[in-house]
>>> print(open('target_22.txt').read())   # compact mmCIF, C-alpha atoms
# COMPACT_ATOMS: atom_id res chain seq x y z
CA MET A 1254 0.00 0.00 0.00
CA ALA A 1255 2.92 2.33 0.69
CA LEU A 1256 4.09 1.74 -2.88
CA ALA A 1257 0.58 2.46 -4.18
CA LEU A 1258 0.56 5.76 -2.27
CA ARG A 1259 3.93 6.72 -3.75
CA LEU A 1260 2.59 6.01 -7.21
CA ALA A 1261 -0.52 8.12 -6.54
CA ARG A 1262 1.61 11.10 -5.49
CA LYS A 1263 3.27 11.15 -8.92
CA ALA A 1264 0.11 12.81 -10.26
CA THR A 1265 0.05 15.60 -7.66
CA GLY A 1266 -1.85 18.54 -9.11
CA ALA A 1267 -2.76 16.75 -12.35
CA THR A 1268 -5.89 14.68 -11.69
CA SER A 1269 -8.41 17.29 -10.54
CA PRO A 1270 -11.36 17.09 -10.26
CA ASN A 1271 -10.54 13.42 -9.75
CA PRO A 1272 -8.58 12.09 -6.77
CA MET A 1273 -5.01 10.83 -6.88
CA VAL A 1274 -5.03 7.03 -6.81
CA GLY A 1275 -2.34 4.38 -7.01
CA ALA A 1276 -2.67 0.60 -7.44
CA VAL A 1277 -0.32 -2.37 -7.11
CA ILE A 1278 -1.08 -5.97 -8.10
CA VAL A 1279 0.71 -8.73 -6.20
CA LYS A 1280 0.73 -12.46 -6.98
CA ARG A 1281 2.67 -15.06 -5.01
CA GLY A 1282 4.54 -12.31 -3.20
CA LYS A 1283 5.69 -10.58 -6.38
CA VAL A 1284 4.54 -7.25 -7.84
CA ILE A 1285 3.18 -8.05 -11.31
CA GLY A 1286 1.52 -4.71 -12.10
CA ARG A 1287 1.50 -1.15 -10.94
CA GLY A 1288 -0.21 2.03 -12.05
CA TYR A 1289 -1.70 5.36 -11.06
CA HIS A 1290 -4.35 7.73 -12.33
CA HIS A 1291 -2.63 10.35 -14.51
CA ARG A 1292 -5.43 12.75 -15.41
CA ALA A 1293 -9.22 13.08 -15.41
CA GLY A 1294 -10.65 11.23 -18.38
CA GLN A 1295 -7.72 8.83 -18.57
CA PRO A 1296 -7.71 5.25 -17.18
CA HIS A 1297 -7.93 4.87 -13.43
CA ALA A 1298 -5.16 3.37 -11.34
CA GLU A 1299 -6.66 -0.13 -11.25
CA VAL A 1300 -6.92 -0.31 -15.04
CA GLU A 1301 -3.37 1.06 -15.41
CA ALA A 1302 -2.10 -1.66 -13.07
CA LEU A 1303 -3.99 -4.38 -14.93
CA ARG A 1304 -2.58 -3.13 -18.24
CA ASP A 1305 0.90 -3.08 -16.75
CA ALA A 1306 0.50 -6.71 -15.67
CA GLN A 1307 -0.58 -7.59 -19.19
CA LYS A 1308 2.47 -5.85 -20.65
CA ARG A 1309 4.67 -7.89 -18.31
CA GLY A 1310 3.00 -11.08 -19.49
CA ALA A 1311 1.54 -11.75 -16.06
CA ASN A 1312 -1.95 -13.12 -15.39
CA PRO A 1313 -3.75 -11.20 -12.61
CA LYS A 1314 -6.21 -14.03 -11.99
CA GLY A 1315 -6.04 -15.01 -8.33
CA ALA A 1316 -3.88 -11.99 -7.43
CA THR A 1317 -4.31 -9.27 -4.79
CA ILE A 1318 -4.68 -5.64 -5.79
CA TYR A 1319 -3.77 -2.84 -3.38
CA VAL A 1320 -5.63 0.41 -4.11
CA THR A 1321 -5.38 3.72 -2.25
CA LEU A 1322 -9.07 4.56 -2.75
CA GLU A 1323 -12.23 2.49 -3.02
CA PRO A 1324 -12.62 1.50 -6.69
CA CYS A 1325 -15.26 3.41 -8.62
CA CYS A 1326 -18.45 1.47 -9.31
CA THR A 1327 -20.32 3.88 -11.57
CA HIS A 1328 -19.92 5.05 -15.15
CA GLY A 1329 -18.24 8.46 -15.40
CA ARG A 1330 -15.58 9.55 -17.85
CA THR A 1331 -14.41 5.92 -17.72
CA PRO A 1332 -16.09 2.55 -17.02
CA PRO A 1333 -16.34 1.23 -13.42
CA CYS A 1334 -13.07 -0.13 -12.05
CA SER A 1335 -15.01 -2.64 -9.96
CA ASP A 1336 -16.10 -4.31 -13.22
CA ALA A 1337 -12.50 -4.47 -14.46
CA ILE A 1338 -11.33 -6.04 -11.20
CA ILE A 1339 -14.04 -8.68 -11.31
CA ALA A 1340 -13.41 -9.44 -14.99
CA ALA A 1341 -9.68 -9.85 -14.35
CA GLY A 1342 -10.29 -12.58 -11.77
CA ILE A 1343 -8.68 -10.68 -8.89
CA LYS A 1344 -9.03 -12.71 -5.68
CA CYS A 1345 -8.47 -10.04 -3.03
CA VAL A 1346 -8.80 -6.26 -2.94
CA VAL A 1347 -7.01 -4.25 -0.24
CA VAL A 1348 -8.16 -0.62 0.03
CA ALA A 1349 -6.82 2.32 2.01
CA ALA A 1350 -9.66 4.87 2.01
CA THR A 1351 -13.39 4.65 1.38
CA ASP A 1352 -14.94 6.81 -1.33
CA PRO A 1353 -15.81 10.13 0.38
CA ASN A 1354 -18.91 10.60 -1.76
CA PRO A 1355 -21.84 9.56 0.48
CA ALA A 1356 -23.73 8.36 -2.60
CA HIS A 1357 -20.96 5.91 -3.48
CA ALA A 1358 -19.22 5.08 -0.19
CA GLY A 1359 -19.03 1.35 0.35
CA ARG A 1360 -20.93 0.37 -2.82
CA ALA A 1361 -17.86 -1.05 -4.55
CA PHE A 1362 -17.07 -3.16 -1.50
CA GLU A 1363 -20.55 -4.68 -1.66
CA LEU A 1364 -20.25 -5.42 -5.39
CA LEU A 1365 -16.82 -6.99 -5.02
CA ARG A 1366 -17.85 -9.17 -2.09
CA ALA A 1367 -20.99 -10.22 -3.95
CA ALA A 1368 -18.67 -11.41 -6.74
CA GLY A 1369 -16.77 -13.57 -4.25
CA ILE A 1370 -13.78 -11.25 -3.87
CA GLU A 1371 -12.20 -10.79 -0.45
CA VAL A 1372 -12.06 -7.10 0.55
CA THR A 1373 -9.88 -5.54 3.25
CA GLU A 1374 -10.46 -1.88 4.15
CA GLY A 1375 -8.55 0.82 6.01
CA VAL A 1376 -4.89 -0.06 5.32
CA LEU A 1377 -2.89 3.19 5.68
CA ALA A 1378 -6.22 5.02 5.61
CA SER A 1379 -5.02 8.25 7.26
CA GLU A 1380 -2.24 8.68 4.69
CA ALA A 1381 -4.66 8.06 1.84
CA ILE A 1382 -7.23 10.50 3.23
CA GLU A 1383 -4.62 13.23 3.64
CA LEU A 1384 -3.35 12.63 0.10
CA ASN A 1385 -6.75 13.56 -1.32
CA ARG A 1386 -7.80 16.11 1.24
CA ALA A 1387 -8.75 18.71 -1.38
CA PHE A 1388 -10.81 16.20 -3.37
CA ASN A 1389 -12.51 14.91 -0.22
CA HIS A 1390 -13.44 18.46 0.81
CA TRP A 1391 -14.73 19.37 -2.63
CA ILE A 1392 -16.77 16.20 -3.08
CA THR A 1393 -18.57 16.76 0.24
CA HIS A 1394 -18.83 20.59 0.34
CA ARG A 1395 -18.61 21.49 -3.37
CA THR A 1396 -16.21 24.34 -2.63
CA PRO A 1397 -12.41 24.34 -2.97
CA LEU A 1398 -10.05 23.65 -0.10
CA ILE A 1399 -8.31 26.95 0.73
CA THR A 1400 -4.62 27.31 1.61
CA LEU A 1401 -3.17 30.68 2.62
CA LYS A 1402 0.43 31.19 1.54
CA ALA A 1403 2.79 33.99 2.51
CA ALA A 1404 6.54 34.61 2.56
CA MET A 1405 7.69 36.99 5.27
CA THR A 1406 10.39 38.05 7.66
CA LEU A 1407 10.44 36.78 11.24
CA ASP A 1408 8.45 39.84 12.29
CA GLY A 1409 5.74 39.10 9.74
CA LYS A 1410 6.67 41.66 7.06
CA THR A 1411 6.31 40.97 3.35
CA ALA A 1412 7.69 44.22 1.92
CA THR A 1413 9.11 47.58 2.92
CA ALA A 1414 6.87 50.62 3.20
CA SER A 1415 7.88 51.53 -0.38
CA GLY A 1416 6.85 48.09 -1.62
CA GLU A 1417 10.29 46.51 -2.10
CA SER A 1418 10.04 42.75 -1.53
CA LYS A 1419 12.47 40.76 -3.75
CA TRP A 1420 13.68 38.46 -2.43
CA ILE A 1421 12.58 37.79 1.15
CA THR A 1422 13.06 34.02 1.10
CA SER A 1423 15.79 31.86 -0.40
CA GLU A 1424 15.86 30.01 -3.70
CA ALA A 1425 15.12 26.74 -1.88
CA ALA A 1426 12.00 28.22 -0.30
CA ARG A 1427 10.83 29.70 -3.60
CA ALA A 1428 11.31 26.35 -5.34
CA TYR A 1429 9.20 24.64 -2.70
CA ALA A 1430 6.57 27.36 -3.01
CA MET A 1431 6.40 26.64 -6.74
CA LYS A 1432 5.69 22.97 -5.99
CA LEU A 1433 2.96 24.10 -3.61
CA ARG A 1434 1.46 26.24 -6.37
CA ALA A 1435 1.57 23.35 -8.82
CA ALA A 1436 -0.33 21.14 -6.37
CA HIS A 1437 -3.37 23.45 -6.51
CA ASP A 1438 -6.03 23.96 -9.16
CA ALA A 1439 -5.93 27.74 -8.93
CA ILE A 1440 -4.08 30.66 -7.41
CA LEU A 1441 -5.68 33.87 -6.13
CA VAL A 1442 -4.21 37.29 -5.40
CA GLY A 1443 -5.60 40.76 -4.83
CA VAL A 1444 -5.39 43.51 -7.42
CA ASN A 1445 -2.91 45.50 -5.34
CA THR A 1446 -0.40 42.68 -5.74
CA VAL A 1447 -0.84 42.88 -9.52
CA ILE A 1448 -0.51 46.68 -9.54
CA HIS A 1449 2.58 46.84 -7.32
CA ASP A 1450 4.46 43.66 -8.31
CA ASP A 1451 3.11 42.68 -11.76
CA PRO A 1452 3.63 38.96 -10.98
CA SER A 1453 3.49 36.21 -13.59
CA LEU A 1454 1.59 33.81 -11.31
CA THR A 1455 2.74 30.89 -13.42
CA ILE A 1456 4.21 27.50 -12.53
CA ARG A 1457 7.95 27.49 -13.08
CA PHE A 1458 10.50 24.81 -12.29
CA ALA A 1459 14.20 24.31 -12.77
CA LYS A 1460 15.26 24.36 -16.43
CA GLY A 1461 12.03 26.20 -17.23
CA LYS A 1462 10.00 23.01 -17.56
CA ALA A 1463 6.34 23.43 -16.63
CA PRO A 1464 4.33 20.44 -15.38
CA ASP A 1465 1.79 18.71 -17.58
CA LYS A 1466 -1.09 20.03 -15.49
CA LEU A 1467 -0.48 23.64 -16.56
CA HIS A 1468 -3.30 23.49 -19.09
CA GLY A 1469 -5.84 23.47 -16.24
CA PHE A 1470 -4.14 25.85 -13.80
CA ARG A 1471 -6.11 29.03 -13.17
CA ARG A 1472 -5.15 32.53 -12.02
CA LEU A 1473 -7.74 34.62 -10.21
CA ILE A 1474 -7.46 38.34 -9.39
CA LEU A 1475 -9.78 39.91 -6.82
CA ASP A 1476 -10.40 43.30 -8.40
CA PRO A 1477 -13.69 44.89 -7.26
CA GLN A 1478 -13.23 48.08 -9.31
CA ALA A 1479 -11.48 46.55 -12.35
CA ARG A 1480 -8.17 48.31 -11.67
CA THR A 1481 -5.97 45.61 -13.18
CA PRO A 1482 -3.56 47.37 -15.59
CA LEU A 1483 -4.19 46.44 -19.21
CA THR A 1484 -0.44 45.92 -19.54
CA ALA A 1485 -0.16 43.50 -16.61
CA LYS A 1486 1.46 40.14 -17.32
CA VAL A 1487 -1.59 38.19 -16.18
CA VAL A 1488 -3.72 39.77 -18.93
CA THR A 1489 -1.14 39.96 -21.73
CA ASP A 1490 1.16 36.91 -21.55
CA ASP A 1491 0.73 33.67 -23.48
CA GLN A 1492 -1.19 32.16 -20.57
CA LYS A 1493 -3.78 34.90 -20.29
CA HIS A 1494 -6.50 32.38 -21.11
CA LEU A 1495 -5.89 31.01 -17.62
CA THR A 1496 -6.71 34.37 -15.97
CA THR A 1497 -10.02 35.35 -14.40
CA ILE A 1498 -10.63 38.87 -13.09
CA VAL A 1499 -13.25 38.99 -10.33
CA VAL A 1500 -15.08 42.33 -10.22
CA SER A 1501 -18.07 43.80 -8.41
CA LYS A 1502 -21.27 45.16 -9.93
CA THR A 1503 -20.03 48.70 -9.25
CA ALA A 1504 -16.88 48.32 -11.36
CA PRO A 1505 -16.61 50.95 -14.12
CA ALA A 1506 -18.18 49.53 -17.28
CA LYS A 1507 -15.40 50.81 -19.57
CA ARG A 1508 -12.71 49.17 -17.46
CA VAL A 1509 -14.63 45.90 -17.36
CA ALA A 1510 -15.14 45.99 -21.13
CA ALA A 1511 -11.44 46.61 -21.75
CA LEU A 1512 -10.40 43.71 -19.52
CA THR A 1513 -13.03 41.43 -21.07
CA LYS A 1514 -11.30 41.84 -24.43
CA LEU A 1515 -8.17 40.33 -22.90
CA VAL A 1516 -9.26 37.77 -20.31
CA ARG A 1517 -12.26 36.23 -18.63
CA VAL A 1518 -14.06 38.62 -16.28
CA ILE A 1519 -16.76 37.54 -13.83
CA THR A 1520 -18.96 39.64 -11.58
CA VAL A 1521 -19.83 38.62 -8.04
CA PRO A 1522 -22.08 40.40 -5.54
CA SER A 1523 -20.61 42.61 -2.85
CA THR A 1524 -21.18 42.63 0.88
CA SER A 1525 -20.61 45.36 3.43
CA SER A 1526 -17.03 44.12 3.82
CA GLY A 1527 -16.18 43.60 0.15
CA LEU A 1528 -16.72 40.95 -2.48
CA ASN A 1529 -18.89 37.98 -1.55
CA LEU A 1530 -16.10 35.44 -1.23
CA ARG A 1531 -18.40 32.62 -0.18
CA GLY A 1532 -20.39 33.10 -3.36
CA LEU A 1533 -17.18 33.12 -5.38
CA LEU A 1534 -16.02 29.87 -3.78
CA GLN A 1535 -19.36 28.22 -4.53
CA ARG A 1536 -19.00 29.30 -8.15
CA LEU A 1537 -15.46 27.93 -8.32
CA GLY A 1538 -16.67 24.66 -6.83
CA LYS A 1539 -19.25 24.33 -9.59
CA GLU A 1540 -16.42 24.89 -12.08
CA GLU A 1541 -14.58 21.91 -10.53
CA VAL A 1542 -11.89 23.92 -8.75
CA THR A 1543 -11.06 21.61 -5.85
CA SER A 1544 -8.15 23.54 -4.32
CA LEU A 1545 -7.26 27.23 -4.16
CA LEU A 1546 -3.97 28.80 -3.09
CA VAL A 1547 -4.38 32.35 -1.79
CA GLU A 1548 -1.01 34.08 -2.16
CA GLY A 1549 -1.79 37.61 -1.06
CA GLY A 1550 -1.23 40.35 -0.52
CA GLY A 1551 -1.84 40.97 3.14
CA GLU A 1552 -5.30 42.47 2.73
CA THR A 1553 -6.51 39.59 0.58
CA VAL A 1554 -5.15 37.00 3.02
CA ALA A 1555 -6.84 38.93 5.83
CA HIS A 1556 -10.22 38.70 4.10
CA PHE A 1557 -10.00 34.91 4.13
CA VAL A 1558 -8.81 34.90 7.74
CA GLU A 1559 -11.51 37.28 9.00
CA LYS A 1560 -14.29 35.41 7.18
CA ARG A 1561 -12.98 32.04 8.42
CA LEU A 1562 -12.71 30.68 4.89
CA ALA A 1563 -9.22 29.19 5.09
CA HIS A 1564 -8.50 25.54 5.84
CA ARG A 1565 -4.70 25.51 5.84
CA ILE A 1566 -1.73 27.86 5.97
CA ALA A 1567 1.75 27.66 4.46
CA PHE A 1568 3.88 30.48 5.86
CA PHE A 1569 7.53 30.83 4.84
CA TYR A 1570 9.79 32.68 7.29
CA ALA A 1571 13.16 34.16 6.36
CA PRO A 1572 15.78 34.83 9.10
CA LYS A 1573 15.39 38.58 8.69
CA ILE A 1574 13.80 41.40 10.67
CA LEU A 1575 12.40 44.31 8.71
CA GLY A 1576 10.46 46.32 11.26
CA GLY A 1577 8.57 49.52 10.53
CA ARG A 1578 4.95 50.43 11.23
CA ALA A 1579 4.31 51.16 7.56
CA ALA A 1580 5.92 47.96 6.25
CA ARG A 1581 3.52 45.54 4.61
CA THR A 1582 2.48 42.52 6.61
CA GLY A 1583 1.62 38.96 5.65
CA VAL A 1584 -1.83 39.26 7.21
CA ALA A 1585 -3.23 42.80 7.28
CA GLY A 1586 -6.90 43.79 7.62
CA ILE A 1587 -8.44 45.04 10.83
CA GLY A 1588 -7.32 42.00 12.79
CA ALA A 1589 -9.07 40.25 15.66
CA GLN A 1590 -10.66 42.67 18.11
CA LYS A 1591 -10.97 40.05 20.85
CA TRP A 1592 -8.64 37.25 21.82
CA ALA A 1593 -11.51 34.80 21.36
CA ASP A 1594 -11.61 35.75 17.67
CA VAL A 1595 -7.98 34.83 16.99
CA LEU A 1596 -7.56 32.26 14.23
CA LYS A 1597 -6.22 29.13 15.92
CA LEU A 1598 -4.09 26.48 14.23
CA LYS A 1599 -3.51 22.78 14.77
CA ASN A 1600 -1.34 20.00 13.34
CA LEU A 1601 1.65 22.31 13.05
CA GLN A 1602 4.63 21.11 11.05
CA TRP A 1603 7.93 22.93 10.64
CA ARG A 1604 10.17 22.24 7.67
CA GLN A 1605 13.68 23.58 7.13
CA LEU A 1606 14.43 25.11 3.75
CA PRO A 1607 17.80 26.54 4.67
CA PRO A 1608 18.12 29.24 5.70
CA ASP A 1609 14.34 29.61 5.86
CA LEU A 1610 11.55 27.84 7.72
CA LEU A 1611 8.15 26.71 6.45
CA LEU A 1612 5.20 26.41 8.80
CA THR A 1613 2.25 24.39 7.56
CA ALA A 1614 -0.83 23.94 9.71
CA ASP A 1615 -4.55 23.32 9.64
CA VAL A 1616 -7.06 25.90 10.78
CA ALA A 1617 -8.68 24.67 13.98
CA ASP A 1618 -12.45 24.26 13.97
>>> encode(input="target_22.txt", output="C-alpha cells")
Amino acid sequence: MALALRLARKATGATSPNPMVGAVIVKRGKVIGRGYHHRAGQPHAEVEALRDAQKRGANPKGATIYVTLEPCCTHGRTPPCSDAIIAAGIKCVVVAATDPNPAHAGRAFELLRAAGIEVTEGVLASEAIELNRAFNHWITHRTPLITLKAAMTLDGKTATASGESKWITSEAARAYAMKLRAAHDAILVGVNTVIHDDPSLTIRFAKGKAPDKLHGFRRLILDPQARTPLTAKVVTDDQKHLTTIVVSKTAPAKRVAALTKLVRVITVPSTSSGLNLRGLLQRLGKEEVTSLLVEGGGETVAHFVEKRLAHRIAFFYAPKILGGRAARTGVAGIGAQKWADVLKLKNLQWRQLPPDLLLTADVAD
C-alpha cells in the first residue's frame, strides 16, 4: 500500500477534479503490475495496473490488488473499475480509504464481495485520506479547499513601506513554493499585488520546464473596481486564457469591457465588507476547482482569515527582521478585536528550507 501511495503522489496537481489514486497488483509475493491515475478522463489506477500486468505477461487471476481509494463502481468519464477487477479474476482487494462521496461510499465493497472477492479496508487510511484532502473536501462541500500562503520576515513583514520585496526568502523556499502552487487547481491574489508587483503567477520549475497540469491551472485576481492594468502580465502573456478577473457590480463599465477583451471577467455580488467570497467559492466549486492557493497580498489573506474561509496555511519565514509600522504585513486587515476571535491552528509542522523555515498547519475548527 505504501508503494501504491507513492505512485498516486506522482500525479500531484494533475488529476483534478478526480482524486489521486495508485494501485499495485501482487501475486505469489511478487509485484506483477502497478499504475496510477494520470489525469481526469484517462484510465484509473486499477486499469493502469492491470494493463501493466498484461504488458509484463503476467496473469492477474487469483492476485491481490492494493488500491489507495475504493474503486469506482459507476460510469463516469471511464467505465467502473469494480467491473475491471471482477473481470480480471482478482481474488483479493485491499483498500486504504473509502470513497468520500456519500452516494458511493461502500458500494464497490458490496459489489466486489458479492462477486466472491475478499475485501480488506482501512490499510494506511489516514495517509490516503490526507493525500486527497482537497478532493474529499470538494466532493462533500462542493467548494475548494483553501490554503493561505505567505513569505515573510520573522516579524511578519512581506515588503518595505515603499513596496520593495524581492527576495525575502531563499531560492530553496521559492522552489518549494512553486511545488505548492503546482499542487493546486488555482491561485488567487488581490489587485494590489498585480498593480505593485506585476507577478506572472505561473508555474515554473528548474530548467524552465512546466508540469503537464499547466493546461488546467487558473489565475484569479480579486479586483472589485477593475483596476488591473491592461499591460499586466496576467492579462497579456501567453497564458492569459488562464486568468479570471473577479469584479463587483459597481466596477466601471469601460474598465470591465477593456479587460473582457483580454481575459475572462466575472462579476460577483458585494457585501458590506467587500466581495462575496463565499459566493465566489461556490462558483469555483461548480467549475470543478477543488483547491485554491491564496497568495496575497496581506489584505486579501486577511479577508479569508476574518471570514474564516481558510483551511490551511503555508507560511515561509526568512531569518530577517524588517520592522517599521508602515511595512507591509503577511496578514493585514483590521485583525481580531478580541482574543476569542484569533484564528487558531492545529497539526503544526515545521520544515527547514535553509536558511528559511516553512510552517504548515490546519485551521482549527
>>> closest_residue(input="target_22.txt", among="A:Ala1479, A:Leu1377, A:Ile1474, A:Ile1392", to="Lys1539 (chain A)", atoms="all atoms listed in the file")
A:Ile1392
>>> residues_around(input="target_22.txt", residues="His1328 (chain A)", least_positions_apart="5", cutoff="12 Å", atoms="only C-alpha atoms", output="number ranges by chain")
A: 1294, 1333-1336, 1357
>>> closest_atom_pairs(input="target_22.txt", of="region 1382-1462 of chain A", to="region 1270-1284 of chain A", cutoff="12 Å", atoms="all atoms listed in the file", output="tab-separated table")
residue	atom	partner	partner_atom	distance
A:Ile1382	CA	A:Pro1272	CA	10.2
A:Glu1383	CA	A:Met1273	CA	10.8
A:Leu1384	CA	A:Met1273	CA	7.4
A:Asn1385	CA	A:Pro1272	CA	5.9
A:Arg1386	CA	A:Pro1272	CA	9.0
A:Ala1387	CA	A:Pro1272	CA	8.5
A:Phe1388	CA	A:Pro1272	CA	5.8
A:Asn1389	CA	A:Pro1272	CA	8.1
A:His1390	CA	A:Pro1272	CA	11.0
A:Trp1391	CA	A:Pro1270	CA	8.6
A:Ile1392	CA	A:Pro1270	CA	9.0
A:Arg1395	CA	A:Pro1270	CA	10.9
A:Thr1396	CA	A:Pro1270	CA	11.6
A:Pro1397	CA	A:Pro1270	CA	10.3
A:Ala1436	CA	A:Met1273	CA	11.3
A:His1437	CA	A:Pro1270	CA	10.9
A:Asp1438	CA	A:Pro1270	CA	8.8
>>> closest_residue(input="target_22.txt", among="A:Pro1522, A:Pro1477, A:Gly1288, A:Pro1324", to="Arg1508 (chain A)", atoms="only C-alpha atoms")
A:Pro1477
>>> residues_around(input="target_22.txt", residues="region 1307-1313 of chain A", least_positions_apart="5", cutoff="8 Å", atoms="all atoms listed in the file", output="NGL selection string")
:A and (1278 or 1280 or 1285-1286 or 1341-1343)
>>> residues_around(input="target_22.txt", residues="region 1481-1490 of chain A", least_positions_apart="3", cutoff="7 Å", atoms="only C-alpha atoms", output="ChimeraX atom specification")
/A:1444,1447-1448,1451-1453,1476,1493,1496,1512,1515-1516
>>> residues_around(input="target_22.txt", residues="Thr1553 (chain A)", least_positions_apart="6", cutoff="9 Å", atoms="all atoms listed in the file", output="list in words")
Leu1441, Val1442, Gly1443, Val1444, Leu1475, Val1547, Val1584, Ala1585 and Gly1586 of chain A
>>> write_last_selection(input="target_22.txt", atoms="C-alpha atoms", output="PDB file, keeping the file's coordinate frame")
ATOM      1  CA  LEU A1441      -5.680  33.870  -6.130  1.00  0.00           C
ATOM      2  CA  VAL A1442      -4.210  37.290  -5.400  1.00  0.00           C
ATOM      3  CA  GLY A1443      -5.600  40.760  -4.830  1.00  0.00           C
ATOM      4  CA  VAL A1444      -5.390  43.510  -7.420  1.00  0.00           C
ATOM      5  CA  LEU A1475      -9.780  39.910  -6.820  1.00  0.00           C
ATOM      6  CA  VAL A1547      -4.380  32.350  -1.790  1.00  0.00           C
ATOM      7  CA  VAL A1584      -1.830  39.260   7.210  1.00  0.00           C
ATOM      8  CA  ALA A1585      -3.230  42.800   7.280  1.00  0.00           C
ATOM      9  CA  GLY A1586      -6.900  43.790   7.620  1.00  0.00           C
TER      10      GLY A1586
END
>>> residues_around(input="target_22.txt", residues="Phe1568 (chain A)", least_positions_apart="6", cutoff="9 Å", atoms="only C-alpha atoms", output="compact mmCIF listing (two decimals) with C-alpha atoms, keeping the file's coordinate frame")
# COMPACT_ATOMS: atom_id res chain seq x y z
CA LEU A 1401 -3.17 30.68 2.62
CA LYS A 1402 0.43 31.19 1.54
CA ALA A 1403 2.79 33.99 2.51
CA ALA A 1404 6.54 34.61 2.56
CA MET A 1405 7.69 36.99 5.27
CA GLY A 1583 1.62 38.96 5.65
CA LEU A 1610 11.55 27.84 7.72
CA LEU A 1611 8.15 26.71 6.45
CA LEU A 1612 5.20 26.41 8.80
CA THR A 1613 2.25 24.39 7.56
CA ALA A 1614 -0.83 23.94 9.71
>>> closest_residue(input="target_22.txt", among="A:Met1431, A:Leu1534, A:Leu1596, A:Ile1498", to="Glu1559 (chain A)", atoms="only C-alpha atoms")
A:Leu1596
>>> atom_distance(input="target_22.txt", atom1="CA of Ala1435 (chain A)", atom2="CA of Gly1266 (chain A)")
5.9 Å
>>> build_atoms(input="target_22.txt", residues="region 1480-1493 of chain A", atoms="N, CA, C and O atoms", output="mmCIF file, in the coordinates of the input")
data_model
loop_
_atom_site.group_PDB
_atom_site.id
_atom_site.type_symbol
_atom_site.label_atom_id
_atom_site.label_comp_id
_atom_site.auth_asym_id
_atom_site.auth_seq_id
_atom_site.Cartn_x
_atom_site.Cartn_y
_atom_site.Cartn_z
ATOM 1 N N ARG A 1480 -9.367 47.461 -11.587
ATOM 2 C CA ARG A 1480 -8.170 48.310 -11.670
ATOM 3 C C ARG A 1480 -6.961 47.585 -12.253
ATOM 4 O O ARG A 1480 -5.891 48.189 -12.370
ATOM 5 N N THR A 1481 -7.103 46.343 -12.614
ATOM 6 C CA THR A 1481 -5.970 45.610 -13.180
ATOM 7 C C THR A 1481 -5.430 46.334 -14.406
ATOM 8 O O THR A 1481 -6.173 46.599 -15.356
ATOM 9 N N PRO A 1482 -4.134 46.681 -14.420
ATOM 10 C CA PRO A 1482 -3.560 47.370 -15.590
ATOM 11 C C PRO A 1482 -3.702 46.526 -16.858
ATOM 12 O O PRO A 1482 -3.505 45.306 -16.833
ATOM 13 N N LEU A 1483 -4.027 47.163 -17.941
ATOM 14 C CA LEU A 1483 -4.190 46.440 -19.210
ATOM 15 C C LEU A 1483 -2.863 45.948 -19.763
ATOM 16 O O LEU A 1483 -2.838 45.196 -20.744
ATOM 17 N N THR A 1484 -1.777 46.369 -19.123
ATOM 18 C CA THR A 1484 -0.440 45.920 -19.540
ATOM 19 C C THR A 1484 0.116 44.857 -18.600
ATOM 20 O O THR A 1484 1.231 44.381 -18.809
ATOM 21 N N ALA A 1485 -0.638 44.480 -17.588
ATOM 22 C CA ALA A 1485 -0.160 43.500 -16.610
ATOM 23 C C ALA A 1485 0.113 42.151 -17.279
ATOM 24 O O ALA A 1485 -0.552 41.771 -18.245
ATOM 25 N N LYS A 1486 1.092 41.423 -16.740
ATOM 26 C CA LYS A 1486 1.460 40.140 -17.320
ATOM 27 C C LYS A 1486 0.292 39.159 -17.332
ATOM 28 O O LYS A 1486 0.125 38.395 -18.289
ATOM 29 N N VAL A 1487 -0.518 39.185 -16.280
ATOM 30 C CA VAL A 1487 -1.590 38.190 -16.180
ATOM 31 C C VAL A 1487 -2.684 38.379 -17.227
ATOM 32 O O VAL A 1487 -3.498 37.482 -17.445
ATOM 33 N N VAL A 1488 -2.710 39.543 -17.892
ATOM 34 C CA VAL A 1488 -3.720 39.770 -18.930
ATOM 35 C C VAL A 1488 -3.120 39.904 -20.325
ATOM 36 O O VAL A 1488 -3.839 40.117 -21.300
ATOM 37 N N THR A 1489 -1.787 39.782 -20.432
ATOM 38 C CA THR A 1489 -1.140 39.960 -21.730
ATOM 39 C C THR A 1489 -0.217 38.807 -22.130
ATOM 40 O O THR A 1489 0.150 38.698 -23.311
ATOM 41 N N ASP A 1490 0.191 37.949 -21.189
ATOM 42 C CA ASP A 1490 1.160 36.910 -21.550
ATOM 43 C C ASP A 1490 0.484 35.765 -22.305
ATOM 44 O O ASP A 1490 -0.731 35.777 -22.553
ATOM 45 N N ASP A 1491 1.266 34.760 -22.671
ATOM 46 C CA ASP A 1491 0.730 33.670 -23.480
ATOM 47 C C ASP A 1491 -0.131 32.696 -22.690
ATOM 48 O O ASP A 1491 -0.639 31.704 -23.236
ATOM 49 N N GLN A 1492 -0.309 32.979 -21.407
ATOM 50 C CA GLN A 1492 -1.190 32.160 -20.570
ATOM 51 C C GLN A 1492 -2.381 32.959 -20.063
ATOM 52 O O GLN A 1492 -3.010 32.587 -19.075
ATOM 53 N N LYS A 1493 -2.691 34.047 -20.753
ATOM 54 C CA LYS A 1493 -3.780 34.900 -20.290
ATOM 55 C C LYS A 1493 -5.131 34.201 -20.308
ATOM 56 O O LYS A 1493 -6.047 34.616 -19.602
#
